[in-house]
file entry02.cif (mmCIF, C-alpha atoms; chains and numbers go by the auth columns)
data_target
#
loop_
_atom_site.group_PDB
_atom_site.id
_atom_site.type_symbol
_atom_site.label_atom_id
_atom_site.label_comp_id
_atom_site.label_asym_id
_atom_site.label_seq_id
_atom_site.Cartn_x
_atom_site.Cartn_y
_atom_site.Cartn_z
_atom_site.B_iso_or_equiv
_atom_site.auth_seq_id
_atom_site.auth_asym_id
ATOM 1 C CA MET A 1 0.000 0.000 0.000 0.00 1 P
ATOM 2 C CA SER A 2 1.164 3.485 -0.719 0.00 2 P
ATOM 3 C CA LYS A 3 1.122 6.395 1.687 0.00 3 P
ATOM 4 C CA VAL A 4 -0.546 9.759 1.191 0.00 4 P
ATOM 5 C CA SER A 5 -0.197 13.032 3.062 0.00 5 P
ATOM 6 C CA LEU A 6 -3.095 15.290 3.875 0.00 6 P
ATOM 7 C CA THR A 7 -3.930 18.007 6.363 0.00 7 P
ATOM 8 C CA ILE A 8 -6.589 17.579 9.035 0.00 8 P
ATOM 9 C CA ASN A 9 -7.341 20.622 11.200 0.00 9 P
ATOM 10 C CA GLY A 10 -3.978 22.114 10.278 0.00 10 P
ATOM 11 C CA GLN A 11 -2.076 18.959 11.216 0.00 11 P
ATOM 12 C CA THR A 12 -0.126 17.039 8.560 0.00 12 P
ATOM 13 C CA VAL A 13 -1.181 13.397 8.484 0.00 13 P
ATOM 14 C CA THR A 14 0.533 10.583 6.592 0.00 14 P
ATOM 15 C CA THR A 15 -1.552 7.446 6.237 0.00 15 P
ATOM 16 C CA GLU A 16 -2.236 4.442 4.010 0.00 16 P
ATOM 17 C CA SER A 17 -3.982 5.329 0.752 0.00 17 P
ATOM 18 C CA GLU A 18 -6.747 2.807 1.469 0.00 18 P
ATOM 19 C CA ASN A 19 -7.764 4.514 4.712 0.00 19 P
ATOM 20 C CA THR A 20 -10.861 6.635 5.085 0.00 20 P
ATOM 21 C CA LEU A 21 -10.743 10.147 6.467 0.00 21 P
ATOM 22 C CA LEU A 22 -12.226 8.805 9.691 0.00 22 P
ATOM 23 C CA GLN A 23 -9.417 6.239 10.024 0.00 23 P
ATOM 24 C CA ALA A 24 -6.717 8.789 9.201 0.00 24 P
ATOM 25 C CA ALA A 25 -8.070 11.197 11.800 0.00 25 P
ATOM 26 C CA ALA A 26 -8.355 8.477 14.443 0.00 26 P
ATOM 27 C CA GLN A 27 -4.767 7.321 13.916 0.00 27 P
ATOM 28 C CA GLU A 28 -3.654 10.859 14.802 0.00 28 P
ATOM 29 C CA GLY A 29 -5.970 11.182 17.795 0.00 29 P
ATOM 30 C CA ILE A 30 -8.335 13.571 16.007 0.00 30 P
ATOM 31 C CA PHE A 31 -11.883 12.862 17.123 0.00 31 P
ATOM 32 C CA ILE A 32 -14.702 12.748 14.580 0.00 32 P
ATOM 33 C CA PRO A 33 -18.040 11.736 16.131 0.00 33 P
ATOM 34 C CA THR A 34 -20.018 8.844 14.665 0.00 34 P
ATOM 35 C CA LEU A 35 -23.256 7.059 15.430 0.00 35 P
ATOM 36 C CA CYS A 36 -23.563 4.367 12.781 0.00 36 P
ATOM 37 C CA HIS A 37 -19.903 3.545 12.153 0.00 37 P
ATOM 38 C CA ASN A 38 -18.720 0.022 12.898 0.00 38 P
ATOM 39 C CA PRO A 39 -15.206 -0.905 11.726 0.00 39 P
ATOM 40 C CA LEU A 40 -16.348 -4.475 11.054 0.00 40 P
ATOM 41 C CA LEU A 41 -19.017 -3.395 8.571 0.00 41 P
ATOM 42 C CA LYS A 42 -19.111 -1.579 5.268 0.00 42 P
ATOM 43 C CA PRO A 43 -19.795 2.154 5.794 0.00 43 P
ATOM 44 C CA GLU A 44 -23.487 2.962 5.458 0.00 44 P
ATOM 45 C CA GLU A 45 -23.346 6.763 5.712 0.00 45 P
ATOM 46 C CA ALA A 46 -26.663 6.463 7.522 0.00 46 P
ATOM 47 C CA CYS A 47 -26.255 9.054 10.254 0.00 47 P
ATOM 48 C CA ARG A 48 -23.876 11.504 8.534 0.00 48 P
ATOM 49 C CA ILE A 49 -22.694 12.699 11.941 0.00 49 P
ATOM 50 C CA CYS A 50 -19.111 12.117 10.762 0.00 50 P
ATOM 51 C CA VAL A 51 -19.330 14.787 8.048 0.00 51 P
ATOM 52 C CA VAL A 52 -16.260 16.934 7.458 0.00 52 P
ATOM 53 C CA GLU A 53 -15.420 19.882 5.266 0.00 53 P
ATOM 54 C CA VAL A 54 -12.858 19.260 2.505 0.00 54 P
ATOM 55 C CA GLU A 55 -11.423 22.287 0.764 0.00 55 P
ATOM 56 C CA GLY A 56 -12.418 22.276 -2.899 0.00 56 P
ATOM 57 C CA GLU A 57 -15.600 20.254 -2.312 0.00 57 P
ATOM 58 C CA ASP A 58 -18.945 22.025 -2.626 0.00 58 P
ATOM 59 C CA LYS A 59 -20.637 20.000 0.120 0.00 59 P
ATOM 60 C CA LEU A 60 -19.758 18.241 3.358 0.00 60 P
ATOM 61 C CA ILE A 61 -18.675 14.619 2.997 0.00 61 P
ATOM 62 C CA ALA A 62 -18.979 11.555 5.215 0.00 62 P
ATOM 63 C CA SER A 63 -15.562 10.770 6.672 0.00 63 P
ATOM 64 C CA CYS A 64 -16.490 7.130 7.319 0.00 64 P
ATOM 65 C CA SER A 65 -16.664 6.294 3.622 0.00 65 P
ATOM 66 C CA THR A 66 -14.395 8.828 1.904 0.00 66 P
ATOM 67 C CA LYS A 67 -10.922 7.557 1.070 0.00 67 P
ATOM 68 C CA VAL A 68 -7.982 9.852 1.738 0.00 68 P
ATOM 69 C CA LYS A 69 -6.310 11.594 -1.208 0.00 69 P
ATOM 70 C CA GLU A 70 -2.925 13.205 -1.511 0.00 70 P
ATOM 71 C CA GLY A 71 -3.016 16.872 -0.527 0.00 71 P
ATOM 72 C CA MET A 72 -6.541 16.912 0.928 0.00 72 P
ATOM 73 C CA VAL A 73 -7.215 19.716 3.389 0.00 73 P
ATOM 74 C CA VAL A 74 -9.867 18.619 5.866 0.00 74 P
ATOM 75 C CA HIS A 75 -11.689 20.520 8.619 0.00 75 P
ATOM 76 C CA THR A 76 -13.485 18.409 11.204 0.00 76 P
ATOM 77 C CA ASP A 77 -14.718 21.189 13.459 0.00 77 P
ATOM 78 C CA SER A 78 -15.483 24.218 11.308 0.00 78 P
ATOM 79 C CA PRO A 79 -18.619 26.230 12.170 0.00 79 P
ATOM 80 C CA LEU A 80 -20.414 24.707 9.147 0.00 80 P
ATOM 81 C CA VAL A 81 -19.525 21.162 10.218 0.00 81 P
ATOM 82 C CA LEU A 82 -20.567 21.724 13.836 0.00 82 P
ATOM 83 C CA GLU A 83 -23.843 23.397 12.865 0.00 83 P
ATOM 84 C CA THR A 84 -24.627 20.603 10.398 0.00 84 P
ATOM 85 C CA ARG A 85 -23.987 17.897 13.004 0.00 85 P
ATOM 86 C CA LYS A 86 -26.185 19.730 15.492 0.00 86 P
ATOM 87 C CA GLY A 87 -28.975 19.951 12.915 0.00 87 P
ATOM 88 C CA LEU A 88 -28.675 16.261 12.042 0.00 88 P
ATOM 89 C CA LEU A 89 -28.857 15.256 15.700 0.00 89 P
ATOM 90 C CA THR A 90 -31.859 17.510 16.231 0.00 90 P
ATOM 91 C CA LEU A 91 -33.683 15.861 13.329 0.00 91 P
ATOM 92 C CA MET A 92 -32.858 12.385 14.625 0.00 92 P
ATOM 93 C CA LEU A 93 -33.961 13.160 18.157 0.00 93 P
ATOM 94 C CA GLU A 94 -37.258 14.773 17.144 0.00 94 P
ATOM 95 C CA GLN A 95 -38.647 11.290 16.481 0.00 95 P
ATOM 96 C CA HIS A 96 -36.732 9.536 19.248 0.00 96 P
ATOM 97 C CA TYR A 97 -38.457 9.059 22.553 0.00 97 P
ATOM 98 C CA GLY A 98 -35.481 7.843 24.570 0.00 98 P
ATOM 99 C CA ASP A 99 -36.939 4.388 24.981 0.00 99 P
ATOM 100 C CA CYS A 100 -33.960 2.468 23.650 0.00 100 P
ATOM 101 C CA VAL A 101 -33.214 -0.909 25.119 0.00 101 P
ATOM 102 C CA SER A 102 -30.561 -0.356 27.748 0.00 102 P
ATOM 103 C CA PRO A 103 -27.466 -2.537 28.277 0.00 103 P
ATOM 104 C CA CYS A 104 -28.837 -3.679 31.633 0.00 104 P
ATOM 105 C CA HIS A 105 -32.021 -4.944 29.989 0.00 105 P
ATOM 106 C CA MET A 106 -30.116 -6.657 27.179 0.00 106 P
ATOM 107 C CA THR A 107 -27.892 -8.558 29.629 0.00 107 P
ATOM 108 C CA CYS A 108 -30.562 -9.527 32.149 0.00 108 P
ATOM 109 C CA PRO A 109 -30.978 -13.326 31.916 0.00 109 P
ATOM 110 C CA GLY A 110 -34.513 -12.923 33.279 0.00 110 P
ATOM 111 C CA ASN A 111 -35.384 -10.335 30.613 0.00 111 P
ATOM 112 C CA LEU A 112 -36.767 -8.020 33.303 0.00 112 P
ATOM 113 C CA ASP A 113 -37.851 -4.472 32.535 0.00 113 P
ATOM 114 C CA ILE A 114 -35.108 -2.991 34.696 0.00 114 P
ATOM 115 C CA GLN A 115 -35.651 0.598 33.584 0.00 115 P
ATOM 116 C CA GLY A 116 -39.346 0.221 34.305 0.00 116 P
ATOM 117 C CA TYR A 117 -39.098 -1.140 37.825 0.00 117 P
ATOM 118 C CA ILE A 118 -36.370 1.321 38.785 0.00 118 P
ATOM 119 C CA ALA A 119 -38.602 4.160 37.561 0.00 119 P
ATOM 120 C CA HIS A 120 -41.461 2.908 39.774 0.00 120 P
ATOM 121 C CA ILE A 121 -39.161 2.739 42.804 0.00 121 P
ATOM 122 C CA GLU A 122 -37.850 6.214 42.041 0.00 122 P
ATOM 123 C CA ARG A 123 -41.441 7.516 42.002 0.00 123 P
ATOM 124 C CA GLY A 124 -42.051 5.905 45.395 0.00 124 P
ATOM 125 C CA ASP A 125 -44.131 2.992 44.110 0.00 125 P
ATOM 126 C CA PRO A 126 -42.312 -0.261 44.992 0.00 126 P
ATOM 127 C CA ILE A 127 -45.582 -2.224 44.755 0.00 127 P
ATOM 128 C CA GLU A 128 -45.879 -1.350 41.063 0.00 128 P
ATOM 129 C CA ALA A 129 -42.163 -2.134 40.650 0.00 129 P
ATOM 130 C CA LEU A 130 -42.767 -5.603 42.091 0.00 130 P
ATOM 131 C CA ARG A 131 -45.778 -6.125 39.822 0.00 131 P
ATOM 132 C CA LEU A 132 -43.557 -5.353 36.826 0.00 132 P
ATOM 133 C CA ILE A 133 -40.844 -7.740 38.047 0.00 133 P
ATOM 134 C CA LYS A 134 -43.431 -10.486 38.603 0.00 134 P
ATOM 135 C CA GLU A 135 -44.518 -10.240 34.964 0.00 135 P
ATOM 136 C CA LYS A 136 -41.302 -12.148 34.202 0.00 136 P
ATOM 137 C CA THR A 137 -40.555 -14.079 37.397 0.00 137 P
ATOM 138 C CA PRO A 138 -42.396 -15.072 40.570 0.00 138 P
ATOM 139 C CA PHE A 139 -39.110 -15.118 42.491 0.00 139 P
ATOM 140 C CA ALA A 140 -38.315 -11.438 42.981 0.00 140 P
ATOM 141 C CA ALA A 141 -37.227 -11.782 46.611 0.00 141 P
ATOM 142 C CA THR A 142 -34.942 -14.725 45.834 0.00 142 P
ATOM 143 C CA LEU A 143 -33.460 -13.091 42.746 0.00 143 P
ATOM 144 C CA GLY A 144 -32.852 -9.944 44.740 0.00 144 P
ATOM 145 C CA ARG A 145 -30.483 -12.000 46.874 0.00 145 P
ATOM 146 C CA VAL A 146 -28.832 -14.546 44.536 0.00 146 P
ATOM 147 C CA CYS A 147 -28.861 -12.894 41.116 0.00 147 P
ATOM 148 C CA PRO A 148 -25.297 -12.590 39.692 0.00 148 P
ATOM 149 C CA HIS A 149 -26.361 -9.120 38.411 0.00 149 P
ATOM 150 C CA PRO A 150 -24.706 -8.989 34.951 0.00 150 P
ATOM 151 C CA CYS A 151 -26.858 -5.906 34.413 0.00 151 P
ATOM 152 C CA GLU A 152 -24.731 -3.951 36.878 0.00 152 P
ATOM 153 C CA ILE A 153 -21.537 -4.928 35.051 0.00 153 P
ATOM 154 C CA GLU A 154 -22.950 -3.592 31.763 0.00 154 P
ATOM 155 C CA CYS A 155 -24.548 -0.489 33.300 0.00 155 P
ATOM 156 C CA ARG A 156 -23.576 2.716 31.449 0.00 156 P
ATOM 157 C CA ARG A 157 -23.152 4.520 34.757 0.00 157 P
ATOM 158 C CA ASN A 158 -19.950 2.531 35.349 0.00 158 P
ATOM 159 C CA ARG A 159 -18.257 4.901 32.915 0.00 159 P
ATOM 160 C CA ALA A 160 -19.009 7.928 35.087 0.00 160 P
ATOM 161 C CA GLU A 161 -19.272 6.613 38.636 0.00 161 P
ATOM 162 C CA ASN A 162 -20.834 3.388 39.878 0.00 162 P
ATOM 163 C CA ALA A 163 -23.634 1.263 38.509 0.00 163 P
ATOM 164 C CA ILE A 164 -27.061 1.439 40.063 0.00 164 P
ATOM 165 C CA ASN A 165 -27.486 -1.376 42.585 0.00 165 P
ATOM 166 C CA ILE A 166 -30.123 -3.088 40.460 0.00 166 P
ATOM 167 C CA LYS A 167 -30.141 -6.386 42.352 0.00 167 P
ATOM 168 C CA ASP A 168 -30.786 -4.684 45.692 0.00 168 P
ATOM 169 C CA LEU A 169 -33.556 -2.541 44.209 0.00 169 P
ATOM 170 C CA LYS A 170 -35.271 -5.748 43.093 0.00 170 P
ATOM 171 C CA ARG A 171 -34.900 -7.116 46.632 0.00 171 P
ATOM 172 C CA PHE A 172 -36.199 -3.841 48.098 0.00 172 P
ATOM 173 C CA ALA A 173 -39.379 -4.013 46.008 0.00 173 P
ATOM 174 C CA ALA A 174 -39.996 -7.626 47.049 0.00 174 P
ATOM 175 C CA ASP A 175 -39.253 -7.012 50.741 0.00 175 P
ATOM 176 C CA TYR A 176 -41.389 -3.861 50.817 0.00 176 P
ATOM 177 C CA ALA A 177 -44.413 -5.765 49.561 0.00 177 P
ATOM 178 C CA ALA A 178 -43.906 -8.677 51.977 0.00 178 P
#
call {"tool": "encode", "arguments": {"input": "entry02.cif", "output": "structure tokens"}}
result
Amino acid sequence: MSKVSLTINGQTVTTESENTLLQAAAQEGIFIPTLCHNPLLKPEEACRICVVEVEGEDKLIASCSTKVKEGMVVHTDSPLVLETRKGLLTLMLEQHYGDCVSPCHMTCPGNLDIQGYIAHIERGDPIEALRLIKEKTPFAATLGRVCPHPCEIECRRNRAENAINIKDLKRFAADYAA
């Protein structure tokens, strides 16, 4: 493979000619946000959050699918790029209700509605939380004591602080109702 040189945000980058702009930026520690990019899959350009400005081009281009070229001058954080990304996110979120399946729910072997029962407990309604748990299992009190809690390992809050103590909340709901 041959190498090419280009400029990204004023920084000279030398990379393999087969790389995309996203790959070239990443190898230099330059962050370009993505939502749909997966390095194991062919680029879809579905979200377009990774758009960048390339001098000489009349429109923004998706960095996940655009191959690098010798002499390219790329801007990843120009006002136009940032405003475009903001607009794209706004459009996406207008139809999104925040009801995605969470990592804790996906890893729960009992397939419990963890977000749902935590929300009931948070609102001061552990009886309703227990009802929701019992839709999937009659053993809430037992599970609240012996569950290996893989949900807590996968909890997103681990990245910022500590996971929610999901197992003990399940036990609390069961003990409260007893």
call {"tool": "atom_distance", "arguments": {"input": "entry02.cif", "atom1": "atom CA of Gly29 of chain P", "atom2": "atom CA of Asp58 of chain P"}}
result
26.5 Å
call {"tool": "resolve_selection", "arguments": {"input": "entry02.cif", "expression": "the PyMOL selection byres ((chain P and resi 30) around 12)", "output": "VMD selection string"}}
result
chain P and resid 7 to 13 21 to 29 31 to 33 74 to 77
call {"tool": "residues_around", "arguments": {"input": "entry02.cif", "residues": "segment 98-115 of chain P", "least_positions_apart": "4", "cutoff": "9 Å", "atoms": "only C-alpha atoms", "output": "ChimeraX atom specification"}}
result
/P:93,119-120,132-137,149-156,166,170
call {"tool": "resolve_selection", "arguments": {"input": "entry02.cif", "expression": "the PyMOL selection byres ((chain P and resi 54) around 6)", "output": "tab-separated table (two decimals) with C-alpha atoms, in the frame of the given file"}}
result
chain	number	residue	atom	x	y	z
P	53	GLU	CA	-15.42	19.88	5.27
P	55	GLU	CA	-11.42	22.29	0.76
P	57	GLU	CA	-15.60	20.25	-2.31
P	73	VAL	CA	-7.22	19.72	3.39
P	74	VAL	CA	-9.87	18.62	5.87
call {"tool": "closest_residue", "arguments": {"input": "entry02.cif", "among": "P:Thr142, P:Thr90, P:Ser17, P:Ser5", "to": "Phe172 of chain P", "atoms": "all atoms listed in the file"}}
result
P:Thr142
call {"tool": "resolve_selection", "arguments": {"input": "entry02.cif", "expression": "the PyMOL selection byres ((chain P and resi 171) around 9)", "output": "ChimeraX atom specification"}}
result
/P:140-145,166-170,172-176
call {"tool": "residues_around", "arguments": {"input": "entry02.cif", "residues": "segment 61-68 of chain P", "least_positions_apart": "5", "cutoff": "6 Å", "atoms": "all atoms listed in the file", "output": "number ranges by chain"}}
result
P: 19-22, 43, 48, 50-52
call {"tool": "decode", "arguments": {"input": "entry02.cif", "residues": "segment 2-112 of chain P", "atoms": "C-alpha atoms", "output": "PDB file, in the first residue's frame"}}
result
ATOM      1  CA  SER P   2       1.164   3.485  -0.719  1.00  0.00           C
ATOM      2  CA  LYS P   3       1.122   6.395   1.687  1.00  0.00           C
ATOM      3  CA  VAL P   4      -0.546   9.759   1.191  1.00  0.00           C
ATOM      4  CA  SER P   5      -0.197  13.032   3.062  1.00  0.00           C
ATOM      5  CA  LEU P   6      -3.095  15.290   3.875  1.00  0.00           C
ATOM      6  CA  THR P   7      -3.930  18.007   6.363  1.00  0.00           C
ATOM      7  CA  ILE P   8      -6.589  17.579   9.035  1.00  0.00           C
ATOM      8  CA  ASN P   9      -7.341  20.622  11.200  1.00  0.00           C
ATOM      9  CA  GLY P  10      -3.978  22.114  10.278  1.00  0.00           C
ATOM     10  CA  GLN P  11      -2.076  18.959  11.216  1.00  0.00           C
ATOM     11  CA  THR P  12      -0.126  17.039   8.560  1.00  0.00           C
ATOM     12  CA  VAL P  13      -1.181  13.397   8.484  1.00  0.00           C
ATOM     13  CA  THR P  14       0.533  10.583   6.592  1.00  0.00           C
ATOM     14  CA  THR P  15      -1.552   7.446   6.237  1.00  0.00           C
ATOM     15  CA  GLU P  16      -2.236   4.442   4.010  1.00  0.00           C
ATOM     16  CA  SER P  17      -3.982   5.329   0.752  1.00  0.00           C
ATOM     17  CA  GLU P  18      -6.747   2.807   1.469  1.00  0.00           C
ATOM     18  CA  ASN P  19      -7.764   4.514   4.712  1.00  0.00           C
ATOM     19  CA  THR P  20     -10.861   6.635   5.085  1.00  0.00           C
ATOM     20  CA  LEU P  21     -10.743  10.147   6.467  1.00  0.00           C
ATOM     21  CA  LEU P  22     -12.226   8.805   9.691  1.00  0.00           C
ATOM     22  CA  GLN P  23      -9.417   6.239  10.024  1.00  0.00           C
ATOM     23  CA  ALA P  24      -6.717   8.789   9.201  1.00  0.00           C
ATOM     24  CA  ALA P  25      -8.070  11.197  11.800  1.00  0.00           C
ATOM     25  CA  ALA P  26      -8.355   8.477  14.443  1.00  0.00           C
ATOM     26  CA  GLN P  27      -4.767   7.321  13.916  1.00  0.00           C
ATOM     27  CA  GLU P  28      -3.654  10.859  14.802  1.00  0.00           C
ATOM     28  CA  GLY P  29      -5.970  11.182  17.795  1.00  0.00           C
ATOM     29  CA  ILE P  30      -8.335  13.571  16.007  1.00  0.00           C
ATOM     30  CA  PHE P  31     -11.883  12.862  17.123  1.00  0.00           C
ATOM     31  CA  ILE P  32     -14.702  12.748  14.580  1.00  0.00           C
ATOM     32  CA  PRO P  33     -18.040  11.736  16.131  1.00  0.00           C
ATOM     33  CA  THR P  34     -20.018   8.844  14.665  1.00  0.00           C
ATOM     34  CA  LEU P  35     -23.256   7.059  15.430  1.00  0.00           C
ATOM     35  CA  CYS P  36     -23.563   4.367  12.781  1.00  0.00           C
ATOM     36  CA  HIS P  37     -19.903   3.545  12.153  1.00  0.00           C
ATOM     37  CA  ASN P  38     -18.720   0.022  12.898  1.00  0.00           C
ATOM     38  CA  PRO P  39     -15.206  -0.905  11.726  1.00  0.00           C
ATOM     39  CA  LEU P  40     -16.348  -4.475  11.054  1.00  0.00           C
ATOM     40  CA  LEU P  41     -19.017  -3.395   8.571  1.00  0.00           C
ATOM     41  CA  LYS P  42     -19.111  -1.579   5.268  1.00  0.00           C
ATOM     42  CA  PRO P  43     -19.795   2.154   5.794  1.00  0.00           C
ATOM     43  CA  GLU P  44     -23.487   2.962   5.458  1.00  0.00           C
ATOM     44  CA  GLU P  45     -23.346   6.763   5.712  1.00  0.00           C
ATOM     45  CA  ALA P  46     -26.663   6.463   7.522  1.00  0.00           C
ATOM     46  CA  CYS P  47     -26.255   9.054  10.254  1.00  0.00           C
ATOM     47  CA  ARG P  48     -23.876  11.504   8.534  1.00  0.00           C
ATOM     48  CA  ILE P  49     -22.694  12.699  11.941  1.00  0.00           C
ATOM     49  CA  CYS P  50     -19.111  12.117  10.762  1.00  0.00           C
ATOM     50  CA  VAL P  51     -19.330  14.787   8.048  1.00  0.00           C
ATOM     51  CA  VAL P  52     -16.260  16.934   7.458  1.00  0.00           C
ATOM     52  CA  GLU P  53     -15.420  19.882   5.266  1.00  0.00           C
ATOM     53  CA  VAL P  54     -12.858  19.260   2.505  1.00  0.00           C
ATOM     54  CA  GLU P  55     -11.423  22.287   0.764  1.00  0.00           C
ATOM     55  CA  GLY P  56     -12.418  22.276  -2.899  1.00  0.00           C
ATOM     56  CA  GLU P  57     -15.600  20.254  -2.312  1.00  0.00           C
ATOM     57  CA  ASP P  58     -18.945  22.025  -2.626  1.00  0.00           C
ATOM     58  CA  LYS P  59     -20.637  20.000   0.120  1.00  0.00           C
ATOM     59  CA  LEU P  60     -19.758  18.241   3.358  1.00  0.00           C
ATOM     60  CA  ILE P  61     -18.675  14.619   2.997  1.00  0.00           C
ATOM     61  CA  ALA P  62     -18.979  11.555   5.215  1.00  0.00           C
ATOM     62  CA  SER P  63     -15.562  10.770   6.672  1.00  0.00           C
ATOM     63  CA  CYS P  64     -16.490   7.130   7.319  1.00  0.00           C
ATOM     64  CA  SER P  65     -16.664   6.294   3.622  1.00  0.00           C
ATOM     65  CA  THR P  66     -14.395   8.828   1.904  1.00  0.00           C
ATOM     66  CA  LYS P  67     -10.922   7.557   1.070  1.00  0.00           C
ATOM     67  CA  VAL P  68      -7.982   9.852   1.738  1.00  0.00           C
ATOM     68  CA  LYS P  69      -6.310  11.594  -1.208  1.00  0.00           C
ATOM     69  CA  GLU P  70      -2.925  13.205  -1.511  1.00  0.00           C
ATOM     70  CA  GLY P  71      -3.016  16.872  -0.527  1.00  0.00           C
ATOM     71  CA  MET P  72      -6.541  16.912   0.928  1.00  0.00           C
ATOM     72  CA  VAL P  73      -7.215  19.716   3.389  1.00  0.00           C
ATOM     73  CA  VAL P  74      -9.867  18.619   5.866  1.00  0.00           C
ATOM     74  CA  HIS P  75     -11.689  20.520   8.619  1.00  0.00           C
ATOM     75  CA  THR P  76     -13.485  18.409  11.204  1.00  0.00           C
ATOM     76  CA  ASP P  77     -14.718  21.189  13.459  1.00  0.00           C
ATOM     77  CA  SER P  78     -15.483  24.218  11.308  1.00  0.00           C
ATOM     78  CA  PRO P  79     -18.619  26.230  12.170  1.00  0.00           C
ATOM     79  CA  LEU P  80     -20.414  24.707   9.147  1.00  0.00           C
ATOM     80  CA  VAL P  81     -19.525  21.162  10.218  1.00  0.00           C
ATOM     81  CA  LEU P  82     -20.567  21.724  13.836  1.00  0.00           C
ATOM     82  CA  GLU P  83     -23.843  23.397  12.865  1.00  0.00           C
ATOM     83  CA  THR P  84     -24.627  20.603  10.398  1.00  0.00           C
ATOM     84  CA  ARG P  85     -23.987  17.897  13.004  1.00  0.00           C
ATOM     85  CA  LYS P  86     -26.185  19.730  15.492  1.00  0.00           C
ATOM     86  CA  GLY P  87     -28.975  19.951  12.915  1.00  0.00           C
ATOM     87  CA  LEU P  88     -28.675  16.261  12.042  1.00  0.00           C
ATOM     88  CA  LEU P  89     -28.857  15.256  15.700  1.00  0.00           C
ATOM     89  CA  THR P  90     -31.859  17.510  16.231  1.00  0.00           C
ATOM     90  CA  LEU P  91     -33.683  15.861  13.329  1.00  0.00           C
ATOM     91  CA  MET P  92     -32.858  12.385  14.625  1.00  0.00           C
ATOM     92  CA  LEU P  93     -33.961  13.160  18.157  1.00  0.00           C
ATOM     93  CA  GLU P  94     -37.258  14.773  17.144  1.00  0.00           C
ATOM     94  CA  GLN P  95     -38.647  11.290  16.481  1.00  0.00           C
ATOM     95  CA  HIS P  96     -36.732   9.536  19.248  1.00  0.00           C
ATOM     96  CA  TYR P  97     -38.457   9.059  22.553  1.00  0.00           C
ATOM     97  CA  GLY P  98     -35.481   7.843  24.570  1.00  0.00           C
ATOM     98  CA  ASP P  99     -36.939   4.388  24.981  1.00  0.00           C
ATOM     99  CA  CYS P 100     -33.960   2.468  23.650  1.00  0.00           C
ATOM    100  CA  VAL P 101     -33.214  -0.909  25.119  1.00  0.00           C
ATOM    101  CA  SER P 102     -30.561  -0.356  27.748  1.00  0.00           C
ATOM    102  CA  PRO P 103     -27.466  -2.537  28.277  1.00  0.00           C
ATOM    103  CA  CYS P 104     -28.837  -3.679  31.633  1.00  0.00           C
ATOM    104  CA  HIS P 105     -32.021  -4.944  29.989  1.00  0.00           C
ATOM    105  CA  MET P 106     -30.116  -6.657  27.179  1.00  0.00           C
ATOM    106  CA  THR P 107     -27.892  -8.558  29.629  1.00  0.00           C
ATOM    107  CA  CYS P 108     -30.562  -9.527  32.149  1.00  0.00           C
ATOM    108  CA  PRO P 109     -30.978 -13.326  31.916  1.00  0.00           C
ATOM    109  CA  GLY P 110     -34.513 -12.923  33.279  1.00  0.00           C
ATOM    110  CA  ASN P 111     -35.384 -10.335  30.613  1.00  0.00           C
ATOM    111  CA  LEU P 112     -36.767  -8.020  33.303  1.00  0.00           C
TER     112      LEU P 112
END
